[in-house]
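Shown next: target-v2.cif, containing mmCIF, C-alpha atoms.
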data_my_file
loop_
_atom_site.group_PDB
_atom_site.id
_atom_site.type_symbol
_atom_site.label_atom_id
_atom_site.label_comp_id
_atom_site.auth_asym_id
_atom_site.auth_seq_id
_atom_site.Cartn_x
_atom_site.Cartn_y
_atom_site.Cartn_z
ATOM 1 C CA MET A 1 7.562 34.381 103.159
ATOM 2 C CA ASP A 2 7.259 31.109 101.168
ATOM 3 C CA ASN A 3 10.141 28.736 100.433
ATOM 4 C CA LYS A 4 10.446 29.997 96.839
ATOM 5 C CA ASP A 5 11.118 33.573 98.019
ATOM 6 C CA THR A 6 13.540 32.344 100.676
ATOM 7 C CA ARG A 7 15.549 30.350 98.138
ATOM 8 C CA LYS A 8 15.585 33.346 95.791
ATOM 9 C CA LYS A 9 16.950 35.599 98.529
ATOM 10 C CA GLN A 10 19.604 33.017 99.475
ATOM 11 C CA MET A 11 20.674 32.736 95.847
ATOM 12 C CA ASN A 12 20.944 36.521 95.572
ATOM 13 C CA ASN A 13 23.106 36.684 98.736
ATOM 14 C CA LEU A 14 25.299 33.869 97.437
ATOM 15 C CA ALA A 15 25.705 35.672 94.127
ATOM 16 C CA ARG A 16 26.780 38.852 95.928
ATOM 17 C CA LEU A 17 29.360 36.894 97.948
ATOM 18 C CA TRP A 18 30.737 35.371 94.755
ATOM 19 C CA VAL A 19 31.016 38.803 93.146
ATOM 20 C CA ILE A 20 32.921 40.124 96.182
ATOM 21 C CA PHE A 21 35.193 37.069 96.196
ATOM 22 C CA ILE A 22 35.933 37.388 92.459
ATOM 23 C CA LEU A 23 36.744 41.106 92.857
ATOM 24 C CA PHE A 24 39.042 40.352 95.762
ATOM 25 C CA ALA A 25 40.806 37.527 93.899
ATOM 26 C CA ALA A 26 41.231 39.748 90.839
ATOM 27 C CA ILE A 27 42.823 42.501 92.935
ATOM 28 C CA VAL A 28 45.262 40.083 94.597
ATOM 29 C CA GLY A 29 46.116 38.500 91.245
ATOM 30 C CA LEU A 30 46.716 41.832 89.544
ATOM 31 C CA SER A 31 48.852 42.961 92.493
ATOM 32 C CA ALA A 32 50.997 39.820 92.315
ATOM 33 C CA TRP A 33 51.467 40.337 88.556
ATOM 34 C CA TYR A 34 52.368 43.996 89.140
ATOM 35 C CA PHE A 35 54.958 43.146 91.776
ATOM 36 C CA TRP A 36 56.467 40.412 89.592
ATOM 37 C CA ARG A 37 56.822 42.796 86.664
ATOM 38 C CA ARG A 38 58.291 45.514 88.881
ATOM 39 C CA ASP A 39 60.778 43.184 90.576
ATOM 40 C CA LYS A 40 61.871 41.801 87.209
ATOM 41 C CA LYS A 41 62.405 45.304 85.883
ATOM 42 C CA LEU A 42 64.226 46.686 88.921
ATOM 43 C CA GLY A 43 66.286 43.699 89.981
ATOM 44 C CA ARG A 44 67.434 42.824 93.501
ATOM 45 C CA GLY A 45 68.508 45.495 95.922
ATOM 46 C CA LEU A 46 67.456 48.599 93.986
ATOM 47 C CA PRO A 47 65.329 51.100 95.918
ATOM 48 C CA ILE A 48 61.819 52.046 94.848
ATOM 49 C CA TYR A 49 61.009 55.561 95.967
ATOM 50 C CA GLU A 50 57.241 55.371 95.673
ATOM 51 C CA SER A 51 54.717 52.886 97.010
ATOM 52 C CA PRO A 52 54.603 49.718 94.891
ATOM 53 C CA PHE A 53 50.796 49.760 95.033
ATOM 54 C CA PRO A 54 47.976 52.305 95.411
ATOM 55 C CA VAL A 55 47.633 53.672 98.922
ATOM 56 C CA GLU A 56 43.846 54.017 98.619
ATOM 57 C CA ILE A 57 41.714 51.331 96.970
ATOM 58 C CA THR A 58 38.197 52.022 95.642
ATOM 59 C CA PHE A 59 35.638 49.239 95.164
ATOM 60 C CA ILE A 60 32.568 49.344 92.984
ATOM 61 C CA ASP A 61 30.257 48.049 95.674
ATOM 62 C CA GLY A 62 31.731 50.435 98.246
ATOM 63 C CA ASN A 63 32.044 47.697 100.869
ATOM 64 C CA PRO A 64 34.476 49.127 103.478
ATOM 65 C CA ASP A 65 35.239 45.703 104.989
ATOM 66 C CA ILE A 66 36.583 44.397 101.691
ATOM 67 C CA ALA A 67 38.706 47.534 101.275
ATOM 68 C CA VAL A 68 40.258 47.046 104.720
ATOM 69 C CA ILE A 69 40.925 43.349 104.111
ATOM 70 C CA SER A 70 42.529 44.068 100.758
ATOM 71 C CA GLN A 71 44.704 46.845 102.159
ATOM 72 C CA ASP A 72 45.847 44.558 104.969
ATOM 73 C CA THR A 73 46.626 41.843 102.424
ATOM 74 C CA TYR A 74 48.722 44.268 100.414
ATOM 75 C CA MET A 75 50.660 45.363 103.506
ATOM 76 C CA ALA A 76 51.253 41.790 104.620
ATOM 77 C CA TYR A 77 52.650 40.946 101.200
ATOM 78 C CA LEU A 78 54.751 44.106 101.142
ATOM 79 C CA LYS A 79 56.397 43.302 104.470
ATOM 80 C CA LYS A 80 57.188 39.791 103.260
ATOM 81 C CA ALA A 81 58.666 41.017 99.981
ATOM 82 C CA TYR A 82 60.379 44.308 100.843
ATOM 83 C CA ILE A 83 62.486 45.968 103.510
ATOM 84 C CA MET A 84 61.197 49.501 104.020
ATOM 85 C CA PHE A 85 63.144 52.541 105.213
ATOM 86 C CA GLY A 86 61.023 55.505 106.227
ATOM 87 C CA THR A 87 57.333 55.909 106.990
ATOM 88 C CA TYR A 88 54.926 54.227 104.596
ATOM 89 C CA PRO A 89 54.070 55.247 101.921
ATOM 90 C CA ASP A 90 56.850 57.854 101.719
ATOM 91 C CA CYS A 91 59.727 55.426 102.060
ATOM 92 C CA GLU A 92 62.279 53.378 100.153
ATOM 93 C CA PHE A 93 61.489 49.769 99.317
ATOM 94 C CA TYR A 94 64.249 47.165 98.921
ATOM 95 C CA LYS A 95 63.330 43.771 97.510
ATOM 96 C CA ILE A 96 64.235 40.934 99.879
ATOM 97 C CA SER A 97 66.651 38.562 98.183
ATOM 98 C CA ASP A 98 65.610 34.944 97.756
ATOM 99 C CA LYS A 99 69.306 33.994 97.620
ATOM 100 C CA VAL A 100 69.996 34.732 101.290
ATOM 101 C CA ALA A 101 68.545 32.530 104.023
ATOM 102 C CA ARG A 102 65.906 34.084 106.257
ATOM 103 C CA ASN A 103 65.504 33.823 110.008
ATOM 104 C CA ASP A 104 62.505 32.264 111.716
ATOM 105 C CA TYR A 105 62.602 34.407 114.858
ATOM 106 C CA ASP A 106 59.568 35.873 116.507
ATOM 107 C CA TRP A 107 61.498 39.012 117.432
ATOM 108 C CA GLU A 108 58.890 40.240 119.900
ATOM 109 C CA ASN A 109 58.405 36.979 121.798
ATOM 110 C CA ASP A 110 61.576 34.870 121.414
ATOM 111 C CA PHE A 111 63.828 37.461 123.096
ATOM 112 C CA TYR A 112 63.260 38.671 126.636
ATOM 113 C CA VAL A 113 64.767 39.104 130.092
ATOM 114 C CA PRO A 114 63.899 36.060 132.235
ATOM 115 C CA GLU A 115 62.559 36.657 135.705
ATOM 116 C CA GLY A 116 65.372 37.253 138.179
ATOM 117 C CA GLU A 117 67.939 37.997 135.464
ATOM 118 C CA ALA A 118 69.293 41.240 134.010
ATOM 119 C CA TYR A 119 69.838 40.682 130.302
ATOM 120 C CA TYR A 120 68.000 39.601 127.180
ATOM 121 C CA ASN A 121 68.387 36.061 125.942
ATOM 122 C CA TYR A 122 66.961 33.952 123.147
ATOM 123 C CA PHE A 123 64.281 31.334 123.805
ATOM 124 C CA LYS A 124 63.132 28.907 121.130
ATOM 125 C CA ASP A 125 59.804 27.256 121.930
ATOM 126 C CA GLY A 126 60.304 28.403 125.517
ATOM 127 C CA LYS A 127 63.738 26.779 125.818
ATOM 128 C CA ARG A 128 66.835 28.897 126.470
ATOM 129 C CA SER A 129 68.737 28.758 123.206
ATOM 130 C CA GLY A 130 71.126 31.708 123.297
ATOM 131 C CA GLN A 131 73.851 33.226 125.402
ATOM 132 C CA ILE A 132 74.631 36.673 126.759
ATOM 133 C CA ALA A 133 77.538 38.464 125.131
ATOM 134 C CA ILE A 134 79.285 41.809 125.399
ATOM 135 C CA ASP A 135 81.702 43.549 123.061
ATOM 136 C CA VAL A 136 84.425 45.765 124.499
ATOM 137 C CA SER A 137 87.348 47.976 123.584
ATOM 138 C CA GLU A 138 89.864 50.205 125.324
ATOM 139 C CA PHE A 139 87.029 52.693 125.940
ATOM 140 C CA ASN A 140 85.524 50.330 128.518
ATOM 141 C CA GLY A 141 88.556 50.836 130.766
ATOM 142 C CA ASP A 142 89.984 48.275 133.171
ATOM 143 C CA ILE A 143 87.550 45.349 133.373
ATOM 144 C CA ASP A 144 87.070 42.943 136.285
ATOM 145 C CA TRP A 145 86.242 39.870 134.209
ATOM 146 C CA LYS A 146 85.451 37.694 137.209
ATOM 147 C CA GLU A 147 82.633 40.074 138.137
ATOM 148 C CA VAL A 148 81.453 40.071 134.533
ATOM 149 C CA LYS A 149 81.293 36.278 134.569
ATOM 150 C CA LYS A 150 79.143 36.290 137.715
ATOM 151 C CA LYS A 151 76.337 38.080 135.853
ATOM 152 C CA GLY A 152 76.000 35.288 133.329
ATOM 153 C CA ILE A 153 78.124 36.737 130.521
ATOM 154 C CA THR A 154 79.534 33.762 128.618
ATOM 155 C CA LEU A 155 80.985 35.410 125.498
ATOM 156 C CA ALA A 156 83.111 38.525 124.992
ATOM 157 C CA ILE A 157 83.961 40.025 121.617
ATOM 158 C CA VAL A 158 87.120 42.106 122.055
ATOM 159 C CA ARG A 159 88.259 44.806 119.658
ATOM 160 C CA VAL A 160 91.730 44.073 118.320
ATOM 161 C CA GLY A 161 92.123 47.329 116.437
ATOM 162 C CA PHE A 162 90.774 49.783 113.906
ATOM 163 C CA ARG A 163 91.670 51.582 110.711
ATOM 164 C CA GLY A 164 91.593 55.363 110.833
ATOM 165 C CA TYR A 165 88.759 56.801 108.778
ATOM 166 C CA GLY A 166 90.932 59.704 107.644
ATOM 167 C CA SER A 167 94.484 58.422 107.585
ATOM 168 C CA GLY A 168 93.738 54.803 106.723
ATOM 169 C CA THR A 169 96.358 53.731 109.279
ATOM 170 C CA ILE A 170 95.759 50.498 111.201
ATOM 171 C CA VAL A 171 95.994 50.967 114.968
ATOM 172 C CA ALA A 172 95.932 48.363 117.756
ATOM 173 C CA ASP A 173 93.410 48.599 120.584
ATOM 174 C CA GLU A 174 95.455 49.372 123.703
ATOM 175 C CA CYS A 175 93.665 46.783 125.841
ATOM 176 C CA PHE A 176 93.001 43.941 123.386
ATOM 177 C CA GLU A 177 95.618 41.486 124.655
ATOM 178 C CA LYS A 178 94.814 42.038 128.339
ATOM 179 C CA ASN A 179 91.077 41.781 127.708
ATOM 180 C CA ILE A 180 91.428 38.533 125.769
ATOM 181 C CA LYS A 181 93.668 36.879 128.351
ATOM 182 C CA ASP A 182 91.718 38.058 131.408
ATOM 183 C CA ALA A 183 88.316 37.175 129.946
ATOM 184 C CA ALA A 184 89.496 33.691 128.992
ATOM 185 C CA ALA A 185 91.055 33.222 132.431
ATOM 186 C CA ALA A 186 87.673 34.073 134.011
ATOM 187 C CA GLY A 187 86.007 31.310 131.986
ATOM 188 C CA ILE A 188 84.476 33.494 129.288
ATOM 189 C CA LYS A 189 84.768 32.443 125.655
ATOM 190 C CA VAL A 190 86.445 35.114 123.537
ATOM 191 C CA GLY A 191 85.978 36.331 119.987
ATOM 192 C CA VAL A 192 87.419 39.455 118.397
ATOM 193 C CA TYR A 193 86.422 42.244 116.035
ATOM 194 C CA PHE A 194 88.133 44.843 113.896
ATOM 195 C CA TYR A 195 86.645 48.238 113.065
ATOM 196 C CA SER A 196 87.095 48.449 109.313
ATOM 197 C CA GLN A 197 87.584 51.386 107.027
ATOM 198 C CA ALA A 198 88.884 49.300 104.156
ATOM 199 C CA ILE A 199 88.111 50.734 100.725
ATOM 200 C CA ASN A 200 88.953 47.703 98.570
ATOM 201 C CA ARG A 201 89.577 43.974 98.695
ATOM 202 C CA ASP A 202 93.305 44.304 99.350
ATOM 203 C CA GLU A 203 92.701 46.456 102.410
ATOM 204 C CA GLY A 204 90.068 44.034 103.682
ATOM 205 C CA ILE A 205 92.588 41.220 103.420
ATOM 206 C CA GLU A 206 95.211 43.411 105.088
ATOM 207 C CA GLU A 207 92.905 44.013 108.052
ATOM 208 C CA ALA A 208 92.171 40.304 108.429
ATOM 209 C CA LYS A 209 95.855 39.381 108.330
ATOM 210 C CA TYR A 210 96.565 42.046 110.936
ATOM 211 C CA VAL A 211 93.980 40.551 113.295
ATOM 212 C CA LEU A 212 95.148 36.984 112.682
ATOM 213 C CA GLU A 213 98.730 37.937 113.461
ATOM 214 C CA LYS A 214 97.699 39.655 116.697
ATOM 215 C CA ILE A 215 95.630 36.730 118.021
ATOM 216 C CA LYS A 216 97.691 33.759 116.836
ATOM 217 C CA SER A 217 99.032 33.011 120.328
ATOM 218 C CA LEU A 218 95.950 34.124 122.270
ATOM 219 C CA PRO A 219 92.969 32.043 123.532
ATOM 220 C CA VAL A 220 90.457 33.139 120.883
ATOM 221 C CA LYS A 221 87.776 30.476 120.332
ATOM 222 C CA GLY A 222 84.889 32.620 119.115
ATOM 223 C CA PRO A 223 84.302 34.469 115.856
ATOM 224 C CA VAL A 224 86.620 36.917 114.102
ATOM 225 C CA VAL A 225 84.350 39.783 113.080
ATOM 226 C CA ILE A 226 84.620 42.643 110.619
ATOM 227 C CA ASP A 227 82.765 45.694 111.934
ATOM 228 C CA THR A 228 81.544 47.713 108.937
ATOM 229 C CA GLU A 229 79.465 50.839 109.544
ATOM 230 C CA LYS A 230 79.043 54.504 108.701
ATOM 231 C CA VAL A 231 81.207 57.148 110.340
ATOM 232 C CA ASP A 232 78.533 59.600 111.463
ATOM 233 C CA ASP A 233 80.751 62.555 112.375
ATOM 234 C CA ASP A 234 82.589 62.727 109.041
ATOM 235 C CA GLU A 235 80.649 62.425 105.804
ATOM 236 C CA GLU A 236 83.931 62.255 103.880
ATOM 237 C CA ALA A 237 85.310 59.319 105.889
ATOM 238 C CA ARG A 238 87.035 56.883 103.553
ATOM 239 C CA GLY A 239 84.579 54.064 104.263
ATOM 240 C CA ASN A 240 81.564 56.313 103.679
ATOM 241 C CA VAL A 241 82.351 57.465 100.162
ATOM 242 C CA ILE A 242 83.110 54.201 98.372
ATOM 243 C CA SER A 243 80.654 52.193 96.286
ATOM 244 C CA VAL A 244 78.618 49.211 97.456
ATOM 245 C CA GLU A 245 80.787 46.984 95.269
ATOM 246 C CA GLU A 246 84.065 48.308 96.714
ATOM 247 C CA ARG A 247 82.791 48.034 100.287
ATOM 248 C CA THR A 248 81.555 44.483 99.708
ATOM 249 C CA ASP A 249 84.885 43.557 98.074
ATOM 250 C CA ALA A 250 86.654 44.658 101.273
ATOM 251 C CA VAL A 251 84.287 42.715 103.540
ATOM 252 C CA VAL A 252 84.518 39.561 101.421
ATOM 253 C CA GLY A 253 88.315 39.811 101.392
ATOM 254 C CA PHE A 254 88.331 39.956 105.196
ATOM 255 C CA LEU A 255 85.865 37.089 105.637
ATOM 256 C CA GLU A 256 87.569 34.775 103.154
ATOM 257 C CA THR A 257 90.983 35.363 104.746
ATOM 258 C CA VAL A 258 89.658 34.584 108.230
ATOM 259 C CA LYS A 259 87.914 31.446 106.998
ATOM 260 C CA GLU A 260 91.065 30.190 105.254
ATOM 261 C CA ALA A 261 92.966 30.641 108.528
ATOM 262 C CA GLY A 262 90.550 28.299 110.326
ATOM 263 C CA TYR A 263 88.660 30.849 112.410
ATOM 264 C CA PRO A 264 84.873 31.379 112.193
ATOM 265 C CA PRO A 265 84.300 34.644 110.281
ATOM 266 C CA MET A 266 81.403 37.015 110.895
ATOM 267 C CA VAL A 267 80.176 40.420 109.713
ATOM 268 C CA TYR A 268 78.703 43.110 111.968
ATOM 269 C CA ALA A 269 76.436 45.847 110.589
ATOM 270 C CA SER A 270 73.109 47.613 111.068
ATOM 271 C CA THR A 271 69.975 46.824 109.105
ATOM 272 C CA VAL A 272 70.495 49.874 106.884
ATOM 273 C CA TRP A 273 74.140 49.010 106.267
ATOM 274 C CA PHE A 274 73.419 45.361 105.440
ATOM 275 C CA VAL A 275 70.634 46.253 103.015
ATOM 276 C CA LYS A 276 71.649 49.561 101.410
ATOM 277 C CA TYR A 277 75.432 49.665 101.598
ATOM 278 C CA LEU A 278 76.493 46.045 101.128
ATOM 279 C CA ASP A 279 75.692 43.495 98.442
ATOM 280 C CA ILE A 280 74.069 41.093 100.855
ATOM 281 C CA GLU A 281 73.968 38.239 98.359
ATOM 282 C CA ARG A 282 77.780 38.159 98.222
ATOM 283 C CA ILE A 283 78.097 37.845 102.012
ATOM 284 C CA GLY A 284 74.932 35.830 102.613
ATOM 285 C CA ASP A 285 76.737 32.584 103.409
ATOM 286 C CA TYR A 286 78.573 34.147 106.381
ATOM 287 C CA PRO A 287 77.080 34.656 109.864
ATOM 288 C CA PHE A 288 75.472 38.059 110.544
ATOM 289 C CA TRP A 289 75.735 40.113 113.723
ATOM 290 C CA LEU A 290 72.933 42.659 113.624
ATOM 291 C CA ALA A 291 73.105 46.023 115.403
ATOM 292 C CA CYS A 292 69.542 47.203 116.073
ATOM 293 C CA TYR A 293 68.362 49.118 119.138
ATOM 294 C CA GLU A 294 64.665 48.463 118.701
ATOM 295 C CA THR A 295 62.666 45.361 117.807
ATOM 296 C CA PRO A 296 64.320 44.236 114.561
ATOM 297 C CA ASP A 297 62.516 44.116 111.247
ATOM 298 C CA PHE A 298 65.304 42.186 109.549
ATOM 299 C CA PRO A 299 64.364 39.147 107.466
ATOM 300 C CA TYR A 300 67.732 37.516 106.893
ATOM 301 C CA HIS A 301 69.465 34.884 109.005
ATOM 302 C CA THR A 302 70.927 36.481 112.130
ATOM 303 C CA GLU A 303 73.381 34.734 114.429
ATOM 304 C CA ALA A 304 73.822 37.567 116.949
ATOM 305 C CA TRP A 305 71.911 40.696 117.924
ATOM 306 C CA GLN A 306 73.402 43.792 119.543
ATOM 307 C CA TYR A 307 70.314 45.235 121.204
ATOM 308 C CA MET A 308 71.770 47.956 123.443
ATOM 309 C CA PRO A 309 74.803 50.260 123.104
ATOM 310 C CA SER A 310 74.788 51.554 126.672
ATOM 311 C CA GLY A 311 74.177 48.683 129.067
ATOM 312 C CA TRP A 312 75.484 48.242 132.592
ATOM 313 C CA VAL A 313 77.590 45.228 133.543
ATOM 314 C CA PRO A 314 79.184 44.752 137.005
ATOM 315 C CA GLY A 315 82.958 44.858 136.736
ATOM 316 C CA ILE A 316 82.901 47.466 133.940
ATOM 317 C CA ASP A 317 82.886 51.150 134.851
ATOM 318 C CA HIS A 318 81.681 52.416 131.477
ATOM 319 C CA ASP A 319 78.616 51.725 129.332
ATOM 320 C CA THR A 320 78.847 48.434 127.491
ATOM 321 C CA ASP A 321 77.281 47.040 124.327
ATOM 322 C CA LEU A 322 74.879 44.193 125.143
ATOM 323 C CA ASN A 323 74.182 41.291 122.811
ATOM 324 C CA VAL A 324 72.212 38.100 122.479
ATOM 325 C CA TRP A 325 74.224 35.401 120.745
ATOM 326 C CA MET A 326 72.199 32.779 118.908
ATOM 327 C CA ALA A 327 75.140 31.055 117.226
ATOM 328 C CA THR A 328 77.194 28.529 119.174
ATOM 329 C CA TYR A 329 80.985 28.163 119.171
#
Could you show the structure in this file as structure tokens?
Amino acid sequence: MDNKDTRKKQMNNLARLWVIFILFAAIVGLSAWYFWRRDKKLGRGLPIYESPFPVEITFIDGNPDIAVISQDTYMAYLKKAYIMFGTYPDCEFYKISDKVARNDYDWENDFYVPEGEAYYNYFKDGKRSGQIAIDVSEFNGDIDWKEVKKKGITLAIVRVGFRGYGSGTIVADECFEKNIKDAAAAGIKVGVYFYSQAINRDEGIEEAKYVLEKIKSLPVKGPVVIDTEKVDDDEEARGNVISVEERTDAVVGFLETVKEAGYPPMVYASTVWFVKYLDIERIGDYPFWLACYETPDFPYHTEAWQYMPSGWVPGIDHDTDLNVWMATY
């Protein structure tokens, strides 16, 4: 084959590559425009019940490699832009807010159990950057806090009380004072939480003031947390049936009251609860404690992670919630 034929063939191959590139760029551009228009129309936080883009993509030249690359590009964008609940494509899509800070964790590689130890911890660039925490209530029974300390637990979040999900009555945890004093005496830093069923701002404030009154003379140096979650065994529980706005009003009332009192406030919830049942933009400036019992797919800043609801800790006879704490106090 002479040089003229060779150059002609090279030019033809180059032209085909340019055509493929232009098609690919056009698809990505049209997708970005489509998402922008959809997001603008829907607004933040509203669910989309169908896939935001075609599940199957057909190309004129029938090149399967380009189809795979384009599909992967779509999925990568989708995971950066949306939180998905369900199995793709039959799932709900929630737009990730650009008004709430994101985390930079590599969830699969930054959290692990070091050799010779028993519990997860957080490692940033290979350096230990977190601490091991547990949260307890009267259901954990009589706790030997000195034994707990020996296993490397440095933070305990103690339940102070709860509001009944039927009656709405606030009730003290029977062991909160003993747990706080004994944990602190063993050299463990202590924070507290309250299981909320507040249905409006006033009740959220009431719950915070209740906690603050109970701990005012106790050695609490860690966060004061509102625990907001669904009551699974009663669909008509008072905290289940209110609106997102009412629930967020209650949480904000609690957090603001704690902050004004000089304690570090925090909110505990699951991924679903944070995204679907709270207005995350209104609480985005407060620390998050995420409950997730698998590798998280949660984009927002996260200062603590409850990764197991049934762990074993020496000194405690009953199953115990295990946490990695990334925030420092």
Show me the residues close to (62.9, 45.9, 119.6) - anything with an atom within 9 Å, counting all atoms listed in the file - and format the list as an MDAnalysis selection string.
chainID A and resid 107:108 292:297 307
Explicit residues for the PyMOL selection byres ((chain A and resi 282) around 10) (as a list in words):
Lys99, Val100, Glu245, Thr248, Asp249, Val251, Val252, Leu278, Asp279, Ile280, Glu281, Ile283, Gly284, Asp285 and Tyr286 of chain A
Suppose a student applies the PyMOL selection byres ((chain A and resi 179-184) around 10) to this structure; what residues should they get, written as a tab-separated table (two decimals) with C-alpha atoms, keeping the file's coordinate frame?
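Result file is result-v6.tsv:
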chain	number	residue	atom	x	y	z
A	136	VAL	CA	84.42	45.76	124.50
A	137	SER	CA	87.35	47.98	123.58
A	138	GLU	CA	89.86	50.20	125.32
A	141	GLY	CA	88.56	50.84	130.77
A	142	ASP	CA	89.98	48.28	133.17
A	143	ILE	CA	87.55	45.35	133.37
A	144	ASP	CA	87.07	42.94	136.28
A	145	TRP	CA	86.24	39.87	134.21
A	146	LYS	CA	85.45	37.69	137.21
A	148	VAL	CA	81.45	40.07	134.53
A	149	LYS	CA	81.29	36.28	134.57
A	154	THR	CA	79.53	33.76	128.62
A	155	LEU	CA	80.98	35.41	125.50
A	156	ALA	CA	83.11	38.52	124.99
A	157	ILE	CA	83.96	40.02	121.62
A	158	VAL	CA	87.12	42.11	122.06
A	159	ARG	CA	88.26	44.81	119.66
A	160	VAL	CA	91.73	44.07	118.32
A	174	GLU	CA	95.46	49.37	123.70
A	175	CYS	CA	93.66	46.78	125.84
A	176	PHE	CA	93.00	43.94	123.39
A	177	GLU	CA	95.62	41.49	124.66
A	178	LYS	CA	94.81	42.04	128.34
A	185	ALA	CA	91.06	33.22	132.43
A	186	ALA	CA	87.67	34.07	134.01
A	187	GLY	CA	86.01	31.31	131.99
A	188	ILE	CA	84.48	33.49	129.29
A	189	LYS	CA	84.77	32.44	125.66
A	190	VAL	CA	86.44	35.11	123.54
A	191	GLY	CA	85.98	36.33	119.99
A	192	VAL	CA	87.42	39.46	118.40
A	215	ILE	CA	95.63	36.73	118.02
A	218	LEU	CA	95.95	34.12	122.27
A	219	PRO	CA	92.97	32.04	123.53
A	220	VAL	CA	90.46	33.14	120.88
A	221	LYS	CA	87.78	30.48	120.33
In Å, with one decimal, what is the gap from CA of Tyr112 (chain A) to CA of Thr87 (chain A)?
26.8 Å
Excluding same-chain residues fewer than 2 positions from Asp104 (chain A), what lies within 9 Å of it counting all atoms listed in the file, as a PyMOL selection string?
chain A and resi 102+106-107+299-301
Nearby residues (all atoms listed in the file) at most 12 Å from Glu260 (chain A), same-chain spacing under 6 positions excluded, as an MDAnalysis selection string:
chainID A and resid 205 208:209 212 224 253:254
Of the candidates A:Gln131, A:Thr257, A:Ser97, A:Ser167, which shows the shortest atom-to-atom distance to Lys151 (chain A), using all atoms listed in the file?
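Between A:Gln131, A:Thr257, A:Ser97, A:Ser167, the residue approaching Lys151 (chain A) most closely is A:Gln131.
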In terms of the shortest atom-to-atom distance over all atoms listed in the file, which of A:Ile199, A:Tyr105, A:Gly164, A:Glu117 is closest to Lys150 (chain A)?
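Distance minimum relative to Lys150 (chain A) lands on A:Glu117.
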Could you work out how far CA of Gly222 (chain A) lies from CA of Phe111 (chain A), giving the answer in Å with one decimal?
22.0 Å
Provide the CA of Ile242 (chain A) to CA of Asp135 (chain A) distance in Å, to one decimal place.
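Pair CA of Ile242 (chain A) / CA of Asp135 (chain A) returns 26.9 Å.
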Return as a list in words the set of residues that the PyMOL selection byres ((chain A and resi 120-127) around 9) yields on the displayed structure.
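Selected by the PyMOL selection byres ((chain A and resi 120-127) around 9) here: Tyr105, Asn109, Asp110, Phe111, Tyr112, Val113, Pro114, Glu117, Ala118, Tyr119, Arg128, Ser129, Gly130, Gln131, Ile132, Tyr307, Leu322, Asn323, Val324, Trp325 and Met326 of chain A.
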Got time to write the residues from that selection, C-alpha atoms, as a PDB file, in the frame of the given file?
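Now in selection18.pdb:
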ATOM      1  CA  TYR A 105      62.602  34.407 114.858  1.00  0.00           C
ATOM      2  CA  ASN A 109      58.405  36.979 121.798  1.00  0.00           C
ATOM      3  CA  ASP A 110      61.576  34.870 121.414  1.00  0.00           C
ATOM      4  CA  PHE A 111      63.828  37.461 123.096  1.00  0.00           C
ATOM      5  CA  TYR A 112      63.260  38.671 126.636  1.00  0.00           C
ATOM      6  CA  VAL A 113      64.767  39.104 130.092  1.00  0.00           C
ATOM      7  CA  PRO A 114      63.899  36.060 132.235  1.00  0.00           C
ATOM      8  CA  GLU A 117      67.939  37.997 135.464  1.00  0.00           C
ATOM      9  CA  ALA A 118      69.293  41.240 134.010  1.00  0.00           C
ATOM     10  CA  TYR A 119      69.838  40.682 130.302  1.00  0.00           C
ATOM     11  CA  ARG A 128      66.835  28.897 126.470  1.00  0.00           C
ATOM     12  CA  SER A 129      68.737  28.758 123.206  1.00  0.00           C
ATOM     13  CA  GLY A 130      71.126  31.708 123.297  1.00  0.00           C
ATOM     14  CA  GLN A 131      73.851  33.226 125.402  1.00  0.00           C
ATOM     15  CA  ILE A 132      74.631  36.673 126.759  1.00  0.00           C
ATOM     16  CA  TYR A 307      70.314  45.235 121.204  1.00  0.00           C
ATOM     17  CA  LEU A 322      74.879  44.193 125.143  1.00  0.00           C
ATOM     18  CA  ASN A 323      74.182  41.291 122.811  1.00  0.00           C
ATOM     19  CA  VAL A 324      72.212  38.100 122.479  1.00  0.00           C
ATOM     20  CA  TRP A 325      74.224  35.401 120.745  1.00  0.00           C
ATOM     21  CA  MET A 326      72.199  32.779 118.908  1.00  0.00           C
TER      22      MET A 326
END
In terms of the shortest atom-to-atom distance over all atoms listed in the file, which of A:Ala198, A:Ala291, A:Met266, A:Met308 is closest to Ala250 (chain A)?
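Ranking A:Ala198, A:Ala291, A:Met266, A:Met308 by distance to Ala250 (chain A), first place goes to A:Ala198.
Ranking A:Arg238, A:Ile96, A:Phe139, A:Asp232 by their shortest atom-to-atom distance to Gly166 (chain A), with only C-alpha atoms included, puts A:Arg238 first.
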Contacts of Arg163 (chain A) at 6 Å (all atoms listed in the file; same-chain gap of 2+ positions) as a VMD selection string
chain A and resid 168 to 170 196 to 197
What would region 267-271 of chain A look like with N, CA and C atoms in place, written as a compact mmCIF listing (two decimals), in the frame of the given file?
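Now in part-v5.txt:
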# COMPACT_ATOMS: atom_id res chain seq x y z
N VAL A 267 80.26 39.01 110.09
CA VAL A 267 80.18 40.42 109.71
C VAL A 267 79.15 41.12 110.59
N TYR A 268 79.55 42.29 111.11
CA TYR A 268 78.70 43.11 111.97
C TYR A 268 78.26 44.35 111.20
N ALA A 269 76.96 44.64 111.24
CA ALA A 269 76.44 45.85 110.59
C ALA A 269 75.01 46.10 111.09
N SER A 270 74.51 47.27 110.77
CA SER A 270 73.11 47.61 111.07
C SER A 270 72.22 47.14 109.93
N THR A 271 70.91 47.20 110.16
CA THR A 271 69.97 46.82 109.10
C THR A 271 70.20 47.67 107.85
